[in-house]
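S.K.: Here you go, this is protein24.txt (compact mmCIF, C-alpha atoms).
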```txt
# COMPACT_ATOMS: atom_id res chain seq x y z
CA ASP A 1 14.72 14.12 12.92
CA ALA A 2 12.40 11.17 12.22
CA GLY A 3 10.42 11.21 9.00
CA VAL A 4 6.88 9.95 8.55
CA THR A 5 6.64 6.54 10.18
CA GLN A 6 4.06 3.94 9.30
CA SER A 7 3.24 0.66 10.95
CA PRO A 8 3.16 -2.14 10.25
CA THR A 9 5.38 -2.29 7.16
CA HIS A 10 3.76 -5.45 5.84
CA LEU A 11 0.47 -7.13 6.64
CA ILE A 12 -1.46 -10.16 5.39
CA LYS A 13 -5.19 -10.35 6.05
CA THR A 14 -8.05 -12.59 5.01
CA ARG A 15 -11.07 -11.39 3.05
CA GLY A 16 -13.75 -10.03 5.34
CA GLN A 17 -11.35 -9.06 8.11
CA HIS A 18 -10.67 -5.59 9.42
CA VAL A 19 -7.33 -3.77 9.39
CA THR A 20 -5.90 -0.71 11.14
CA LEU A 21 -2.89 1.10 9.72
CA ARG A 22 -1.00 3.70 11.72
CA CYS A 23 0.94 6.81 10.82
CA SER A 24 3.09 9.20 12.85
CA PRO A 25 3.76 12.48 11.04
CA ILE A 26 6.93 14.50 11.20
CA SER A 27 7.09 16.38 14.49
CA GLY A 28 5.17 19.65 14.19
CA HIS A 29 3.24 18.60 11.09
CA LYS A 30 -0.48 19.02 11.55
CA SER A 31 -1.75 17.64 8.25
CA VAL A 32 -1.92 13.92 7.46
CA SER A 33 -3.13 12.38 4.21
CA TRP A 34 -3.67 8.77 3.22
CA TYR A 35 -3.13 7.34 -0.27
CA GLN A 36 -3.60 3.90 -1.80
CA GLN A 37 -1.19 2.72 -4.49
CA VAL A 38 -2.05 -0.42 -6.41
CA LEU A 39 0.52 -2.07 -8.66
CA GLY A 40 1.20 -0.12 -11.83
CA GLN A 41 -0.78 2.94 -10.75
CA GLY A 42 0.00 6.21 -9.07
CA PRO A 43 -1.08 6.84 -5.48
CA GLN A 44 -4.79 7.57 -5.11
CA PHE A 45 -6.11 9.98 -2.48
CA ILE A 46 -8.19 8.47 0.34
CA PHE A 47 -8.38 11.04 3.18
CA GLN A 48 -6.82 14.22 4.45
CA TYR A 49 -6.91 15.44 8.03
CA TYR A 50 -5.76 18.82 9.28
CA GLU A 51 -5.86 19.82 12.95
CA LYS A 52 -7.88 16.67 13.68
CA GLU A 53 -10.65 17.61 11.27
CA GLU A 54 -11.37 15.70 8.06
CA ARG A 55 -10.54 18.06 5.25
CA GLY A 56 -11.07 15.83 2.26
CA ARG A 57 -12.20 12.39 1.23
CA GLY A 58 -11.46 10.54 -2.00
CA ASN A 59 -13.70 8.23 -3.97
CA PHE A 60 -13.51 5.25 -1.63
CA PRO A 61 -16.34 3.22 -0.08
CA ASP A 62 -17.52 3.71 3.50
CA ARG A 63 -15.52 0.64 4.50
CA PHE A 64 -12.59 3.04 4.63
CA SER A 65 -12.41 5.41 7.60
CA ALA A 66 -9.73 7.39 9.34
CA ARG A 67 -9.10 9.66 12.25
CA GLN A 68 -6.42 11.98 13.58
CA PHE A 69 -5.47 12.08 17.22
CA PRO A 70 -4.53 15.09 19.43
CA ASN A 71 -0.82 14.32 18.85
CA TYR A 72 -1.55 14.48 15.07
CA SER A 73 -0.88 10.78 14.49
CA SER A 74 -3.48 9.04 12.39
CA GLU A 75 -5.15 5.70 11.81
CA LEU A 76 -6.67 4.32 8.63
CA ASN A 77 -9.27 1.61 9.14
CA VAL A 78 -10.61 -0.69 6.47
CA ASN A 79 -13.54 -3.03 7.20
CA ALA A 80 -14.74 -6.11 5.33
CA LEU A 81 -11.53 -6.43 3.35
CA LEU A 82 -11.72 -7.37 -0.31
CA LEU A 83 -9.00 -8.84 -2.51
CA GLY A 84 -8.92 -5.53 -4.37
CA ASP A 85 -7.83 -3.71 -1.21
CA SER A 86 -4.38 -5.28 -1.62
CA ALA A 87 -2.10 -2.31 -2.14
CA LEU A 88 0.59 -0.10 -0.70
CA TYR A 89 -0.99 2.37 1.72
CA LEU A 90 0.95 5.61 2.01
CA CYS A 91 0.71 8.28 4.66
CA ALA A 92 1.92 11.82 3.98
CA SER A 93 2.35 14.71 6.37
CA SER A 94 2.88 18.45 6.02
CA LEU A 95 3.04 21.49 8.25
CA ILE A 96 0.00 22.97 6.58
CA ALA A 97 -2.49 21.46 4.18
CA ARG A 98 -0.99 23.08 1.10
CA ALA A 99 0.10 20.71 -1.66
CA LEU A 100 2.24 23.33 -3.40
CA TYR A 101 4.98 22.92 -0.81
CA GLY A 102 5.05 19.16 -1.13
CA TYR A 103 3.97 16.50 1.27
CA THR A 104 6.44 14.11 2.94
CA PHE A 105 5.51 10.49 2.46
CA GLY A 106 6.26 7.52 4.64
CA SER A 107 7.50 4.24 3.17
CA GLY A 108 4.03 2.76 3.35
CA THR A 109 2.27 -0.35 4.62
CA ARG A 110 2.06 -3.20 2.13
CA LEU A 111 -1.35 -4.86 2.67
CA THR A 112 -2.05 -8.22 1.09
CA VAL A 113 -5.59 -9.61 1.27
CA VAL A 114 -5.91 -13.34 0.62
CA ASP B 1 -11.34 9.34 -15.75
CA GLN B 2 -7.61 10.02 -15.58
CA GLN B 3 -7.02 13.71 -14.89
CA VAL B 4 -3.22 13.45 -14.93
CA LYS B 5 -1.64 11.38 -17.68
CA GLN B 6 1.90 10.18 -18.14
CA ASN B 7 1.89 8.44 -21.49
CA SER B 8 5.44 7.07 -21.37
CA PRO B 9 5.71 4.13 -18.95
CA SER B 10 9.49 4.17 -19.24
CA LEU B 11 12.39 6.24 -20.52
CA SER B 12 16.10 5.47 -20.93
CA VAL B 13 18.67 8.26 -21.02
CA GLN B 14 22.46 8.27 -21.18
CA GLU B 15 24.24 9.54 -18.08
CA GLY B 16 25.14 13.22 -18.50
CA ARG B 17 22.39 13.89 -21.04
CA ILE B 18 19.06 15.64 -20.49
CA SER B 19 16.06 13.64 -19.26
CA ILE B 20 12.66 15.01 -20.25
CA LEU B 21 9.57 13.58 -18.61
CA ASN B 22 6.20 14.64 -19.94
CA CYS B 23 2.77 14.94 -18.40
CA ASP B 24 -0.67 16.04 -19.61
CA TYR B 25 -3.70 17.02 -17.56
CA THR B 26 -7.37 17.53 -18.30
CA ASN B 27 -8.68 19.60 -15.38
CA SER B 28 -8.20 23.33 -15.90
CA MET B 29 -9.04 23.93 -12.21
CA PHE B 30 -5.67 22.65 -11.01
CA ASP B 31 -3.65 25.35 -9.22
CA TYR B 32 -0.41 23.49 -8.58
CA PHE B 33 1.60 20.86 -10.35
CA LEU B 34 4.18 18.67 -8.68
CA TRP B 35 6.76 16.05 -9.46
CA TYR B 36 7.58 13.21 -7.11
CA LYS B 37 10.32 10.61 -7.38
CA LYS B 38 9.98 7.11 -5.99
CA TYR B 39 12.59 4.45 -5.32
CA PRO B 40 11.52 0.83 -4.65
CA ALA B 41 10.41 0.17 -1.05
CA GLU B 42 10.27 3.90 -0.29
CA GLY B 43 7.51 6.46 -0.33
CA PRO B 44 7.41 9.16 -3.03
CA THR B 45 9.80 12.07 -2.48
CA PHE B 46 8.76 15.59 -3.41
CA LEU B 47 11.03 17.08 -6.10
CA ILE B 48 9.64 20.33 -7.39
CA SER B 49 6.36 22.14 -7.87
CA ILE B 50 4.98 24.96 -9.97
CA SER B 51 2.03 27.24 -9.51
CA SER B 52 -0.41 27.62 -12.40
CA ILE B 53 0.46 31.33 -12.64
CA LYS B 54 4.05 30.51 -13.63
CA ASP B 55 5.48 28.79 -16.70
CA LYS B 56 8.86 27.71 -15.32
CA ASN B 57 10.43 26.78 -12.02
CA GLU B 58 14.03 25.71 -11.46
CA ASP B 59 15.72 23.95 -8.58
CA GLY B 60 19.27 22.88 -9.24
CA ARG B 61 19.32 20.21 -11.95
CA PHE B 62 15.52 20.07 -12.08
CA THR B 63 13.33 22.42 -14.12
CA VAL B 64 9.59 22.15 -14.58
CA PHE B 65 7.88 23.83 -17.53
CA LEU B 66 4.15 24.47 -17.65
CA ASN B 67 2.16 25.14 -20.83
CA LYS B 68 -1.35 25.93 -19.64
CA SER B 69 -2.87 26.36 -23.07
CA ALA B 70 -1.75 22.84 -24.00
CA LYS B 71 -2.44 21.47 -20.50
CA HIS B 72 1.05 20.04 -20.56
CA LEU B 73 4.01 20.06 -18.23
CA SER B 74 7.46 18.59 -18.38
CA LEU B 75 10.32 17.90 -16.01
CA HIS B 76 13.87 18.41 -17.29
CA ILE B 77 16.81 16.87 -15.47
CA VAL B 78 20.22 18.18 -16.54
CA PRO B 79 22.65 16.50 -16.37
CA SER B 80 21.16 13.09 -15.68
CA GLN B 81 22.93 11.05 -13.01
CA PRO B 82 22.75 7.35 -12.07
CA GLY B 83 20.90 8.19 -8.85
CA ASP B 84 18.10 9.69 -10.93
CA SER B 85 16.97 6.20 -11.94
CA ALA B 86 13.54 5.91 -10.31
CA VAL B 87 9.83 6.20 -11.02
CA TYR B 88 8.70 9.80 -11.51
CA PHE B 89 5.13 10.79 -10.77
CA CYS B 90 3.51 13.88 -12.18
CA ALA B 91 0.80 15.22 -9.90
CA ALA B 92 -1.64 18.11 -9.64
CA SER B 93 -3.75 19.75 -6.98
CA ALA B 94 -6.45 22.38 -6.65
CA ARG B 95 -6.33 24.99 -3.89
CA ARG B 96 -9.92 24.26 -2.87
CA ASP B 97 -9.10 20.80 -1.46
CA ASP B 98 -5.31 20.26 -1.82
CA LYS B 99 -5.71 16.57 -2.56
CA ILE B 100 -2.97 15.43 -4.91
CA ILE B 101 -3.96 13.63 -8.11
CA PHE B 102 -1.12 11.47 -9.38
CA GLY B 103 -0.34 10.12 -12.84
CA LYS B 104 0.67 6.49 -13.31
CA GLY B 105 4.38 7.30 -13.33
CA THR B 106 7.31 7.04 -15.73
CA ARG B 107 10.24 4.77 -14.94
CA LEU B 108 13.48 6.56 -15.77
CA HIS B 109 16.61 4.49 -16.45
CA ILE B 110 19.93 6.33 -16.54
CA LEU B 111 22.37 4.34 -18.64
CA PRO B 112 26.13 4.40 -17.91
```
Rewrite the coordinates I just gave you, this time as structure tokens.

M.R.:
Amino acid sequence: DAGVTQSPTHLIKTRGQHVTLRCSPISGHKSVSWYQQVLGQGPQFIFQYYEKEERGRGNFPDRFSARQFPNYSSELNVNALLLGDSALYLCASSLIARALYGYTFGSGTRLTVV
Amino acid sequence: DQQVKQNSPSLSVQEGRISILNCDYTNSMFDYFLWYKKYPAEGPTFLISISSIKDKNEDGRFTVFLNKSAKHLSLHIVPSQPGDSAVYFCAASARRDDKIIFGKGTRLHILP
């Protein structure tokens, strides 16, 4: 059974550009969360979606947006990229939006902004 | 404001011995505490969790202890094995939003 898949795995963008990152959850999982991990830090919560509804939003600017599709896959969009957006972007999925049972993370998309 | 703190960036332990990873938190509203393990070029892998109403949870070689009065939790790995070498993240979540707040991580080295 496939795990959480993210695409692309690596990406280089220029300041000011826009980027779209994609995530396919484990089959049957209805909750998708996005996290940003910068070097030397733990992952930081960006968004959570459950049953296509936004359930939570972290402390990120409006340049960051996301959505969940009817098949439960998700996209994270970042506009007007800044150098500080360079990070590993992680997607996590779960059957229900309940952290106690653990979320399954993908391997991430490494975004470099130059 | 760091709500989940892992004050040891790294830890080295002899193979076969006990590894103890520590974590402190500041927010008394957390309902769950979790430990994740991360290898390079992979996403974090869920290890074990504990509800705030418990003080201990075991799963094989992994045991998590929670001391609510001290706002402290620890992960014990017994016995430590070479494959345990990784970065370990302590994390916490509140039932009201289920977003996971991670610490900065502790890199565990298991020495032969």

S.K.: Have a look at CA of Asn57 (chain B) and CA of Leu75 (chain B) and let me know their distance in Å, one decimal.

M.R.: 9.7 Å

S.K.: Between CA of Tyr39 (chain B) and CA of Ser94 (chain A), measure the distance and give it in Å to one decimal.

M.R.: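 About the pair CA of Tyr39 (chain B) and CA of Ser94 (chain A): they are 20.5 Å apart.
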
S.K.: Could you name the residues that touch region 7-22 of chain B at 6 Å or less, counting all atoms listed in the file, but leaving out those on the same chain fewer than 2 positions away, as a list of chain:residue names?

M.R.: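 Counting all atoms listed in the file, the residues come to B:Lys5, B:Ser74, B:Leu75, B:His76, B:Ile77, B:Val78, B:Pro79, B:Ser80, B:Gln81, B:Thr106, B:Arg107, B:Leu108, B:His109, B:Ile110, B:Leu111, B:Pro112.
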
S.K.: From (-5.4, 11.8, -4.5), in the file's coordinates, out to 8 Å: which residues are reached, counting all atoms listed in the file? Answer as an mmCIF file with C-alpha atoms, in the frame of the given file.

M.R.:
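Writing done, so here's part_16.cif:
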```cif
data_model
loop_
_atom_site.group_PDB
_atom_site.id
_atom_site.type_symbol
_atom_site.label_atom_id
_atom_site.label_comp_id
_atom_site.auth_asym_id
_atom_site.auth_seq_id
_atom_site.Cartn_x
_atom_site.Cartn_y
_atom_site.Cartn_z
ATOM 1 C CA TYR A 35 -3.130 7.340 -0.270
ATOM 2 C CA PRO A 43 -1.080 6.840 -5.480
ATOM 3 C CA GLN A 44 -4.790 7.570 -5.110
ATOM 4 C CA PHE A 45 -6.110 9.980 -2.480
ATOM 5 C CA ILE A 46 -8.190 8.470 0.340
ATOM 6 C CA GLY A 58 -11.460 10.540 -2.000
ATOM 7 C CA LYS B 99 -5.710 16.570 -2.560
ATOM 8 C CA ILE B 100 -2.970 15.430 -4.910
ATOM 9 C CA ILE B 101 -3.960 13.630 -8.110
ATOM 10 C CA PHE B 102 -1.120 11.470 -9.380
#
```

S.K.: Between B:Lys71, B:Lys56, B:Arg95, B:Arg61, which is the closest to Tyr32 (chain B) once you count all atoms listed in the file?

M.R.: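 Ranked by minimum distance to Tyr32 (chain B), first place goes to B:Arg95.
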
S.K.: Taking only C-alpha atoms into account and nothing else, which residues of chain A lie no more than 9 Å away from chain B? Please answer as a ChimeraX atom specification.

M.R.: /A:33,40-48,55-58,90-92,97-108

S.K.: Between CA of Gly3 (chain A) and CA of Ser93 (chain A), what is the distance, to one decimal in Å?

M.R.: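 For CA of Gly3 (chain A) relative to CA of Ser93 (chain A), the distance reads 9.2 Å.
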
S.K.: Counting all atoms listed in the file, which of A:Gln36, A:Thr20, A:Leu95, A:Tyr89 gets nearest to Ala66 (chain A)?

M.R.: A:Thr20

S.K.: From the list A:Gln37, A:Asn59, A:Thr112, A:Gln68, which residue is nearest Gln17 (chain A) when using only C-alpha atoms?

M.R.: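 With only C-alpha atoms as the atom set, the closest residue is A:Thr112.
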